[in-house]
Amino acid sequence: MKQKLLSVFLLCTMLIGVAYAQNRQVRGKVTSAVDGSPIAGVSVLVQGTNAGSQTDGDGNYSVQVGNNATLIFRYIGFSSQTVAVGSQTVVNVALTSSENTLDEVVVTGAGLTASRRSVGAAQTTIKAEDLQKAKPTNIVTGLTGKVAGLTVQGVGSGVNPNYRVVLRGMRSLTGNNQALIVIDNVISPSSMLGNLNPDDVEDVTVLNGSSAAALYGSQASNGALIIKTKKGASVDGLEVTVENTSTFESVVFLPQVQKLFGSGTNPFFPEFVPYENQQYGPAFDGSMVLVGDPLQDGTTQNYPYAWSGDKDKFWETGYSNMSNISIGSRKENSSFRFSGQYLNSTGTVPFDKYNRASARISGTNKLNDMLDVTYTAYYAQNRSNITGNNGGIYDAVLQSPGHIPLTSYKDWRNNPFANPNGYYNAYYNNPYFLAENNRLNTRNDYLMGNFQVDFKPLAWLDFMGRVGMTTQNQSFKNTVGKFDFTSYASGLHGAYKETNLTGSVNDGFNYTTNIVSDFNAHATHTEGDFKFDYTALFQYVQNQNSGLGAGVNGLVIPELYNLGNSLNTPSASQAEYKARTFGLAGKIDVAYKNYLFLSLTGRNDWVSILDPDNRSFFYPGATLSFVASDAIEALQDFEPLNFLKLRASWAKVGQVNVGNFSNFGAYSLVPTFSQGAGYPYNGMGGFTLGDRVIQAGLKPEMTRSLEFGFESAWWDNRIAADFTYFNNRTTDNTVPTSIAWSSGYSSYLLNAGTTTGKGIESRLSVSPIRTEDWNLTVGGNFTYIDNRVEEIAEGLDELTLASYGGTTGSYAVKGEKFPVIKGLGYLRDPEGRIIVDKITGYPKNTEGLINLGPALPTHTMGLNLTLSYKDLTFYTSAEYRTGNYIYNNGAGSFDFSGSGINTVAYNRERFVIPNSSYWDEATETYVPNTNITVYDGGPDYWTMGPGRGDVDETYVTSAAFWKIREMSLSYNLPKSLLASQKVIKNARVSVQGRNLFLWTPSTNVYTDPEYSDGNGSSNGNAIGLTGLGQTPPSRYLGFSVLLTF
Amino acid sequence: MLFKNKIKFLSLGLGLALTFTSCEKALDINDNPNQATNSTPELVLPQALVQTARNVVPFNTAGMRMMYIANGGGVSGWGGGFLDYNWASGHEAARWSDAYNNLTDYQYVVTNSEGVEGNEIFVHAAEIMKAYTYMGLVDTYNDIPYSEALLGNGNIHPKYDKGQDIYADLAKKLDAAIAFLKPLTTADVPTSFKNGDVLFAGNSLNWAKLANTLKLKLVVKGKGKVTFANETIDGIGILTTDAIVNPKFAKIDGKQNPMWQLWAYSASGSGPGGWGTQFLPTPFIMAFYDGSKIVDEGRADLIYADGIGSPKNQLGDLSVTAIGIAPSTWVLHPENGDISASNYVGYGVIKGPAAGQPILLAAEANFLASEAVVRGIMTGNAKTYFEDGISAAYLYLNKGETDAVANGADAAAYLASYKEENASSPLVNFDLNTTNEKKVEAIITQKYIAFNLLFSHESWNEYRRTNYPSIINPATNAPYTNSRANAKNTFVSTESSAPAVDKLPTRFPYPNTEVAYNGANVPSVDKFTSKIFWAK
């Protein structure tokens, strides 16, 4: 109710308008300096008054002016122009495109805009055409490698991959480190990224640091991606665009497997075993061999004992088809756009399917001279039907010996040798069966909308009110099929055939609704050479989530997936969360002579998730921008320099990190009780204390960030060079430390921990060729980040972010880079040689975990090249990352199965462990080992735990890579060709590819190191780990046709 | 203009003031709708009792791996020190965390019942269970945090108290409980306690007897090493019924009897997979059934699917090819039809999904009393207690899923024939033992038989305290060599890496979490040499 009062009050304030008398009309036309076409929607303002107008569809305007008036023409993407009217009655203006110029109007924090010259922190805007060059289905992939300081990391593969977007490394030890996502100025959940229609995006502005982003609130300590959607046609009138893209997806970067040996498990003397998964048998010789046990009717299968190649052919070629339509219109006082997209795809994992459909309407409307409204409504739905057992499938494929005709086992229902009863492998089930028998059916509906009113009663005063909402509705049905093994099959070798699959079904529904409301008030005044802008912002955020799930194990009737189809009692679970934030912020901008800009901000947040005593916190910021090329006379006359801007910023941002994206940190401060194991029994409840104690008076984490940099353009804007140095320090990290169980609890949530991040971001863009027909631009960006953990907590030097079985994993370690991979290493002598046993020649592992290297890349470089000749354009982008390592959790399985390429490095012969030594008792020294070979060069060595499989160091490789991310060739049908008709305005065909080539160090025989598995931890900070849960990464090749009417 | 501004600022101020008060209320939404943030002793105590019973199962498994079962065929890569006792630092760490986690709940009951009118029985029941759990921890780890434990962030680095001192303090707590419970009548027990008492259904006498039995256990084990304030065993007597916790376990996912869940079938009917058949009984335990040491085929038939004919292996022997009988060798098979989650015998060690889980057997109480009489701790007839112990053990195996003796078992007849078939065995016929030491050997050996697959960890404790059942070769007066040839005479693994004379380790290492997060207080121990204070 009281919020309503406030709105009424604000509205009242808005209505206090004062009109100034005008005495003369000026009119004219605004065109583009590039091609002379009229530009609609240009703001025409009379300087120093509240009067103003906008150009109509033909670029015409008219405005009332007083004496000695000066007109300002502003349009995003173009340089603003100021014209003294004098005695003219007609003022025609040609606006120049503002790329690489200082007068480009850019989005800054909290939906405010400013000229680029006044911005005091690093930010980059990527336009739609650059995002869309390789026709990604997810716009994030279009950002990869294009912005210094921005790291995009794949966290999963499959038909709807997820990405993690991080700016300037990591800050929070266990909390969220991902960039804030803002769509049309409304804070949105990051899950929206994968569900946006990329064609709707007009541009994406990346705010690297927290200073500019701070006005969005506490989540912005990680920087922000500000996504702006298209609002109307690009030109006047009606415009219809249709586009279709077909893309083929194929698996690349498969782990390297050996192609020399087949089934067998015997050390010392290889022996062929027909049903064995391990591949330590004799070398392939091409003879016909028995595969598996005979069927119950005595039938057997025989195949040549030779590499079949089926292991790599298991992965299928995925296909996706994406169709877009958009209808846009632009008139004098309004613009409108409708767009729709349908995407249908199949994946590389057999039976995986995915589709997405979306529709958006958006527009702007100028109700009168003072009132503008802007609106967007977006609906998207996706449906996926994928397997729930990626890890099991991947493992089962790798556990198939090389001579097995694996792809012939797809039809497990009809082929008796493919049926689990008759499947040859005694220890690993048919991957096709695993894929088809474990299904995840998910449907997601997203509805997103916002409505904004801009009210400008006076030239120096304006107000904005906006409500935004994002809601996600999800339901899922996860099923496991029932399967009974025959008694014949269960009596054969192996284990999995002994246990029938009883089947299960899990159903659930949940929704998440995020509401963000903003009210801004802005006033401006000029005094001599100083111009002042005052902005007040009020924000209200409410996040709500609720979910219900139920499941039952043990089905009665096969293939009927309903909770009622069981003799067992279904189990159910429920959770709901709600959190609110109020933010009040102020901003004062002072400009001196249009070349020196100081901006001061301050924001106070009130959050519901902390104790009343601690829930209010304030954080200030300041930025400074100095346009040296305008201020210093000597530079003005220096011909090659177009501009040079120096900037500096300092900010503090608080973030409350006690939860995750689904619980928002709600209810984390009070210890809980839960029903004990098995409770309730027979109508009787029983509760147990939770295992976590919480520090009284938990506070938000504070990130202090500092940055300096410059931006410059040279030689007619042919060269652009930017540089930024940044330095972050986050204190009071909220850390759930482990404590001794004898305290009665295992976890203690407290404020402790300090992390730091410093580094540089730089960008260089060069256009060496710029002629009428030819155009060549080469760009690059380079980032260096040194991310460290300064302190965790008193008496605690390391924190497990995520681990496999409680040991090997990703850790935050005091004084080390953040994060590092820790695991068992080889026991080494003081000279670093691997110590081997004097008799067996086998190495040993260290007693405890050792640091196996940092997990976050320190050096990142992005390169891109655009070459166009007339209507033909070639584009490519590449990325290089280095300085980090990755642990391949699946690699132990490759070794154990004898599938990995490493297991044939010595052709299964006995060998001397390279760079090894042994303890010589006589001399009491470590003697270089030149002659003690391993006891067995076969399975005894490659599968043993201590000394091989347990040594995590074996499976840690450099995560460096060079990757050709995107490549495209597009052709716009020449205007001359289209001139003969009036229907088609533009036509374009293109071919494009993504993730095309990868180069890694030769030690990395496993997978694309970009993918990370550590996201099982809710915050995803546990990077540097990869496992079999991710199916192999893909390469995409496609072609598109676009027509504009 | 000025006036207007004043109004503007005034209204702005007013508006903001209104907003803030409303904000305060709008922010008060942090009450957890998903989980309870407070509870009551009435809701916590029953849960804690069930958890104590659940914790017996992994303790038992750890003990089974020491003295009763061995690796089966068809499996390679045994790790975790199972075969060589070379335990890593994290070995059985969950025994520690399970116990302290459980103690936290009992402590909650004590703290929230103390001084509450009518809730004294909650305090004492919780103290008895704390004594039970702490005793289990001392017997496993010796010195442990006690006086400064369970304080949460009040003390995250609790000091370690001596095992002896903890024993002495537990005895005091038990004395207080006995004194309180002894005079109570059924009418004195509040309904709130009765309703949630999944152990004795509110029978205060049984609670008192449980306390008395635990006190007896402390004194028997600690006598001569612990300075007890009071060593007298109360005349109320020992527990004569099995202490079985049954909250109404049922064939529902998560609500099954934990032994059934582990070794037989899940609620949905799937077996334990490879796990159940990976282990075999040892020839050493079988010697107490198959006539090598004692003839007792009947009891073997109440324990193993194929009785004395079940597949066996000595721990560490990797040449074995036999695998266990699905779902596991210690689940009895029905006479008709294949065994399944719905077709099973319903008694034995692994009874059924609805059976209760014992935390202390009447057999143990009797054997403790028998030993106490022999050692002069209490008065009575050692032989009677001894034979009652054997009968109680036999009857427990005959108890069905309802925790009542099934299939018409006759303990008296069984005992008579048992004694007759082993007429010359002093391990069965108490009177044949002429010395106290021999009597103790008979008592502990019978306890070892009674605890087979049920309280195996207690057998391991008793072995370390008394060195019975004996693995000494009478010919050499030294332990039998841990070789395959001596499989019936020693349970020690052929792969043992322990340096001691008996080739056995002496204790579990402290858990990693304690070393990592309370390192300054953790005593330095060696799994092969450091002993529990009562150990021989």
# chains A, B, ... in the order shown; residues from 1 in each chain; ligands from 1
>>> interface_residues(of="chain A", to="chain B", cutoff="6 Å", atoms="only C-alpha atoms", output="ChimeraX atom specification")
/A:6,495,499,553-554,575,608-609,667,672-673,676,678,686-688,739-744
>>> write_last_selection(atoms="N, CA and C atoms", output="PDB file, in the first residue's frame")
ATOM      1  N   LEU A   6       3.819   5.874  -2.779  1.00  0.00           N
ATOM      2  CA  LEU A   6       5.023   6.472  -3.337  1.00  0.00           C
ATOM      3  C   LEU A   6       4.868   6.718  -4.834  1.00  0.00           C
ATOM      4  N   ALA A 495      28.302 -58.542 -13.338  1.00  0.00           N
ATOM      5  CA  ALA A 495      27.525 -58.131 -12.179  1.00  0.00           C
ATOM      6  C   ALA A 495      26.196 -57.500 -12.543  1.00  0.00           C
ATOM      7  N   THR A 499      21.247 -57.988 -11.238  1.00  0.00           N
ATOM      8  CA  THR A 499      20.267 -57.126 -10.589  1.00  0.00           C
ATOM      9  C   THR A 499      19.269 -56.598 -11.608  1.00  0.00           C
ATOM     10  N   ASN A 553      10.163 -45.565  -6.902  1.00  0.00           N
ATOM     11  CA  ASN A 553      11.006 -46.603  -7.477  1.00  0.00           C
ATOM     12  C   ASN A 553      10.217 -47.896  -7.535  1.00  0.00           C
ATOM     13  N   GLY A 554      10.477 -48.682  -8.562  1.00  0.00           N
ATOM     14  CA  GLY A 554       9.825 -49.978  -8.656  1.00  0.00           C
ATOM     15  C   GLY A 554       8.500 -49.893  -9.380  1.00  0.00           C
ATOM     16  N   ALA A 575       9.781 -27.242  -1.708  1.00  0.00           N
ATOM     17  CA  ALA A 575      10.541 -26.117  -1.172  1.00  0.00           C
ATOM     18  C   ALA A 575      10.049 -24.831  -1.800  1.00  0.00           C
ATOM     19  N   SER A 608      16.235  -8.758   2.545  1.00  0.00           N
ATOM     20  CA  SER A 608      15.424  -9.532   3.494  1.00  0.00           C
ATOM     21  C   SER A 608      16.182 -10.717   4.060  1.00  0.00           C
ATOM     22  N   ILE A 609      17.264 -11.124   3.402  1.00  0.00           N
ATOM     23  CA  ILE A 609      17.876 -12.407   3.782  1.00  0.00           C
ATOM     24  C   ILE A 609      18.884 -12.303   4.919  1.00  0.00           C
ATOM     25  N   TYR A 667      16.462 -17.647   4.173  1.00  0.00           N
ATOM     26  CA  TYR A 667      16.365 -18.560   5.328  1.00  0.00           C
ATOM     27  C   TYR A 667      17.689 -19.254   5.665  1.00  0.00           C
ATOM     28  N   THR A 672      18.493 -25.281  11.124  1.00  0.00           N
ATOM     29  CA  THR A 672      17.208 -25.953  10.899  1.00  0.00           C
ATOM     30  C   THR A 672      17.194 -27.350  11.503  1.00  0.00           C
ATOM     31  N   PHE A 673      15.994 -27.845  11.615  1.00  0.00           N
ATOM     32  CA  PHE A 673      15.767 -29.234  11.991  1.00  0.00           C
ATOM     33  C   PHE A 673      15.140 -29.919  10.785  1.00  0.00           C
ATOM     34  N   GLY A 676      14.382 -36.984  10.568  1.00  0.00           N
ATOM     35  CA  GLY A 676      15.494 -37.926  10.568  1.00  0.00           C
ATOM     36  C   GLY A 676      15.313 -38.991   9.508  1.00  0.00           C
ATOM     37  N   GLY A 678      14.345 -41.804   7.367  1.00  0.00           N
ATOM     38  CA  GLY A 678      13.172 -42.674   7.365  1.00  0.00           C
ATOM     39  C   GLY A 678      11.915 -42.042   7.940  1.00  0.00           C
ATOM     40  N   GLY A 686       9.856 -37.315  13.637  1.00  0.00           N
ATOM     41  CA  GLY A 686      11.083 -37.312  14.423  1.00  0.00           C
ATOM     42  C   GLY A 686      12.072 -36.377  13.763  1.00  0.00           C
ATOM     43  N   PHE A 687      12.621 -35.457  14.550  1.00  0.00           N
ATOM     44  CA  PHE A 687      13.468 -34.422  13.952  1.00  0.00           C
ATOM     45  C   PHE A 687      14.902 -34.481  14.457  1.00  0.00           C
ATOM     46  N   THR A 688      15.801 -34.072  13.563  1.00  0.00           N
ATOM     47  CA  THR A 688      17.209 -34.027  13.924  1.00  0.00           C
ATOM     48  C   THR A 688      17.742 -32.635  13.667  1.00  0.00           C
ATOM     49  N   ILE A 739      34.047 -27.805  10.235  1.00  0.00           N
ATOM     50  CA  ILE A 739      34.583 -27.835  11.596  1.00  0.00           C
ATOM     51  C   ILE A 739      34.572 -29.266  12.096  1.00  0.00           C
ATOM     52  N   ALA A 740      35.300 -29.485  13.183  1.00  0.00           N
ATOM     53  CA  ALA A 740      35.413 -30.829  13.739  1.00  0.00           C
ATOM     54  C   ALA A 740      34.041 -31.312  14.198  1.00  0.00           C
ATOM     55  N   TRP A 741      33.716 -32.545  13.855  1.00  0.00           N
ATOM     56  CA  TRP A 741      32.416 -33.110  14.216  1.00  0.00           C
ATOM     57  C   TRP A 741      32.208 -33.159  15.721  1.00  0.00           C
ATOM     58  N   SER A 742      33.293 -33.182  16.475  1.00  0.00           N
ATOM     59  CA  SER A 742      33.134 -33.273  17.924  1.00  0.00           C
ATOM     60  C   SER A 742      32.482 -32.013  18.494  1.00  0.00           C
ATOM     61  N   SER A 743      32.406 -30.954  17.680  1.00  0.00           N
ATOM     62  CA  SER A 743      31.655 -29.781  18.117  1.00  0.00           C
ATOM     63  C   SER A 743      30.155 -30.047  18.021  1.00  0.00           C
ATOM     64  N   GLY A 744      29.810 -31.178  17.423  1.00  0.00           N
ATOM     65  CA  GLY A 744      28.396 -31.517  17.235  1.00  0.00           C
ATOM     66  C   GLY A 744      27.884 -31.150  15.859  1.00  0.00           C
TER      67      GLY A 744
END
>>> select_by_dssp(residues="segment 131-291 of chain A", states="strand (DSSP E or B)", output="JSON, numbers by chain")
{"A": [150, 151, 152, 153, 154, 163, 164, 165, 166, 167, 180, 181, 182, 183, 186, 187, 188, 201, 202, 203, 204, 205, 206, 207, 224, 225, 226, 227, 228, 229, 237, 238, 239, 240, 241, 242, 243, 244, 245, 246, 247, 248, 249, 250, 251, 257, 261, 264, 279, 283, 288, 289, 290, 291]}
>>> residues_around(residues="segment 210-214 of chain B", least_positions_apart="5", cutoff="6 Å", atoms="only C-alpha atoms", output="list in words")
Ile128, Leu174, Ile238 and Leu239 of chain B
>>> select_by_dssp(residues="segment 61-219 of chain B", states="helix (DSSP H, G or I)", output="MDAnalysis selection string")
chainID B and resid 61:67 93:113 120:141 152:154 163:181 186:188 191:196 204:219
>>> atom_distance(atom1="atom CA of Thr601 of chain A", atom2="atom CA of Thr524 of chain A")
15.6 Å
>>> closest_residue(among="A:Thr840, A:Gln544, A:Ser1040, A:Asn728", to="Asp786 of chain A", atoms="only C-alpha atoms")
A:Asn728
>>> residues_around(residues="Pro854 of chain A", least_positions_apart="5", cutoff="12 Å", atoms="only C-alpha atoms", output="JSON, numbers by chain")
{"A": [785, 786, 787, 788, 789, 809, 810, 811, 812, 813, 815, 816, 817, 818, 819, 820, 821, 822, 882, 883, 884, 885, 886, 887, 956, 957, 958, 959, 960, 1022, 1023, 1024, 1025]}
>>> write_last_selection(atoms="N, CA, C and O atoms", output="tab-separated table (two decimals), in the first residue's frame")
chain	number	residue	atom	x	y	z
A	785	ILE	N	44.96	-12.08	-15.88
A	785	ILE	CA	44.31	-12.04	-14.57
A	785	ILE	C	45.13	-12.82	-13.56
A	785	ILE	O	45.54	-13.95	-13.81
A	786	ASP	N	45.38	-12.20	-12.43
A	786	ASP	CA	46.02	-12.90	-11.32
A	786	ASP	C	45.01	-12.93	-10.17
A	786	ASP	O	44.80	-11.94	-9.50
A	787	ASN	N	44.40	-14.06	-10.01
A	787	ASN	CA	43.34	-14.25	-9.03
A	787	ASN	C	43.90	-15.03	-7.85
A	787	ASN	O	44.46	-16.10	-8.06
A	788	ARG	N	43.78	-14.49	-6.67
A	788	ARG	CA	44.39	-15.20	-5.53
A	788	ARG	C	43.49	-15.25	-4.29
A	788	ARG	O	42.60	-14.42	-4.14
A	789	VAL	N	43.77	-16.22	-3.47
A	789	VAL	CA	43.11	-16.32	-2.17
A	789	VAL	C	44.09	-15.79	-1.14
A	789	VAL	O	45.19	-16.32	-1.00
A	809	GLY	N	40.11	-32.51	-6.25
A	809	GLY	CA	39.09	-31.54	-6.62
A	809	GLY	C	39.64	-30.15	-6.79
A	809	GLY	O	40.84	-29.93	-6.91
A	810	SER	N	38.73	-29.21	-6.78
A	810	SER	CA	39.04	-27.81	-6.96
A	810	SER	C	38.99	-27.15	-5.58
A	810	SER	O	38.00	-27.29	-4.87
A	811	TYR	N	40.07	-26.46	-5.22
A	811	TYR	CA	40.20	-25.92	-3.87
A	811	TYR	C	40.55	-24.44	-3.88
A	811	TYR	O	41.17	-23.96	-4.81
A	812	ALA	N	40.15	-23.77	-2.83
A	812	ALA	CA	40.67	-22.43	-2.56
A	812	ALA	C	41.72	-22.62	-1.48
A	812	ALA	O	41.43	-23.18	-0.43
A	813	VAL	N	42.94	-22.21	-1.76
A	813	VAL	CA	44.03	-22.42	-0.82
A	813	VAL	C	44.69	-21.08	-0.52
A	813	VAL	O	45.00	-20.32	-1.42
A	815	GLY	N	46.93	-18.09	-0.03
A	815	GLY	CA	48.19	-17.71	-0.65
A	815	GLY	C	48.39	-18.22	-2.06
A	815	GLY	O	49.36	-17.89	-2.71
A	816	GLU	N	47.43	-19.04	-2.55
A	816	GLU	CA	47.58	-19.60	-3.89
A	816	GLU	C	46.61	-18.93	-4.85
A	816	GLU	O	45.75	-18.17	-4.46
A	817	LYS	N	46.80	-19.28	-6.12
A	817	LYS	CA	45.86	-18.80	-7.13
A	817	LYS	C	44.47	-19.36	-6.81
A	817	LYS	O	44.34	-20.40	-6.15
A	818	PHE	N	43.47	-18.74	-7.30
A	818	PHE	CA	42.09	-19.13	-6.98
A	818	PHE	C	41.37	-19.52	-8.27
A	818	PHE	O	41.26	-18.69	-9.15
A	819	PRO	N	40.89	-20.74	-8.37
A	819	PRO	CA	41.14	-21.87	-7.48
A	819	PRO	C	42.30	-22.73	-7.99
A	819	PRO	O	42.81	-22.47	-9.08
A	820	VAL	N	42.70	-23.72	-7.20
A	820	VAL	CA	43.73	-24.65	-7.66
A	820	VAL	C	43.16	-26.07	-7.64
A	820	VAL	O	42.20	-26.36	-6.94
A	821	ILE	N	43.80	-26.91	-8.46
A	821	ILE	CA	43.43	-28.33	-8.47
A	821	ILE	C	44.32	-29.02	-7.45
A	821	ILE	O	45.53	-28.79	-7.44
A	822	LYS	N	43.72	-29.82	-6.59
A	822	LYS	CA	44.52	-30.59	-5.64
A	822	LYS	C	44.25	-32.07	-5.80
A	822	LYS	O	43.12	-32.49	-6.05
A	882	THR	N	45.58	-19.71	-21.65
A	882	THR	CA	46.66	-20.50	-21.06
A	882	THR	C	46.87	-20.13	-19.59
A	882	THR	O	46.23	-19.21	-19.09
A	883	GLY	N	47.77	-20.85	-18.99
A	883	GLY	CA	48.11	-20.56	-17.59
A	883	GLY	C	47.34	-21.43	-16.61
A	883	GLY	O	47.50	-21.30	-15.41
A	884	ASN	N	46.50	-22.31	-17.12
A	884	ASN	CA	45.71	-23.12	-16.19
A	884	ASN	C	45.82	-24.60	-16.51
A	884	ASN	O	46.36	-24.99	-17.54
A	885	TYR	N	45.29	-25.41	-15.61
A	885	TYR	CA	45.38	-26.85	-15.72
A	885	TYR	C	44.00	-27.46	-15.56
A	885	TYR	O	43.07	-26.80	-15.09
A	886	ILE	N	43.89	-28.70	-15.97
A	886	ILE	CA	42.59	-29.37	-15.82
A	886	ILE	C	42.80	-30.82	-15.40
A	886	ILE	O	43.76	-31.47	-15.83
A	887	TYR	N	41.91	-31.25	-14.52
A	887	TYR	CA	41.96	-32.65	-14.07
A	887	TYR	C	40.87	-33.42	-14.80
A	887	TYR	O	39.70	-33.04	-14.80
A	956	VAL	N	46.27	-34.78	-14.78
A	956	VAL	CA	46.20	-33.32	-14.85
A	956	VAL	C	47.04	-32.87	-16.03
A	956	VAL	O	48.20	-33.24	-16.15
A	957	THR	N	46.43	-32.13	-16.92
A	957	THR	CA	47.18	-31.64	-18.07
A	957	THR	C	47.01	-30.13	-18.16
A	957	THR	O	46.11	-29.56	-17.55
A	958	SER	N	47.88	-29.53	-18.94
A	958	SER	CA	47.73	-28.11	-19.21
A	958	SER	C	46.37	-27.90	-19.89
A	958	SER	O	45.96	-28.69	-20.74
A	959	ALA	N	45.69	-26.83	-19.50
A	959	ALA	CA	44.38	-26.57	-20.11
A	959	ALA	C	44.50	-25.53	-21.22
A	959	ALA	O	43.50	-24.96	-21.65
A	960	ALA	N	45.70	-25.28	-21.67
A	960	ALA	CA	45.88	-24.28	-22.72
A	960	ALA	C	45.22	-24.73	-24.02
A	960	ALA	O	45.14	-25.93	-24.30
A	1022	ALA	N	33.89	-24.32	-8.73
A	1022	ALA	CA	34.87	-25.40	-8.73
A	1022	ALA	C	35.31	-25.72	-10.14
A	1022	ALA	O	34.95	-26.75	-10.70
A	1023	ILE	N	36.08	-24.84	-10.74
A	1023	ILE	CA	36.50	-25.10	-12.11
A	1023	ILE	C	37.80	-25.90	-12.11
A	1023	ILE	O	38.42	-26.10	-11.08
A	1024	GLY	N	38.19	-26.36	-13.28
A	1024	GLY	CA	39.42	-27.14	-13.41
A	1024	GLY	C	39.18	-28.63	-13.36
A	1024	GLY	O	40.11	-29.41	-13.34
A	1025	LEU	N	37.93	-29.02	-13.33
A	1025	LEU	CA	37.61	-30.44	-13.28
A	1025	LEU	C	36.74	-30.80	-14.48
A	1025	LEU	O	35.86	-30.04	-14.87
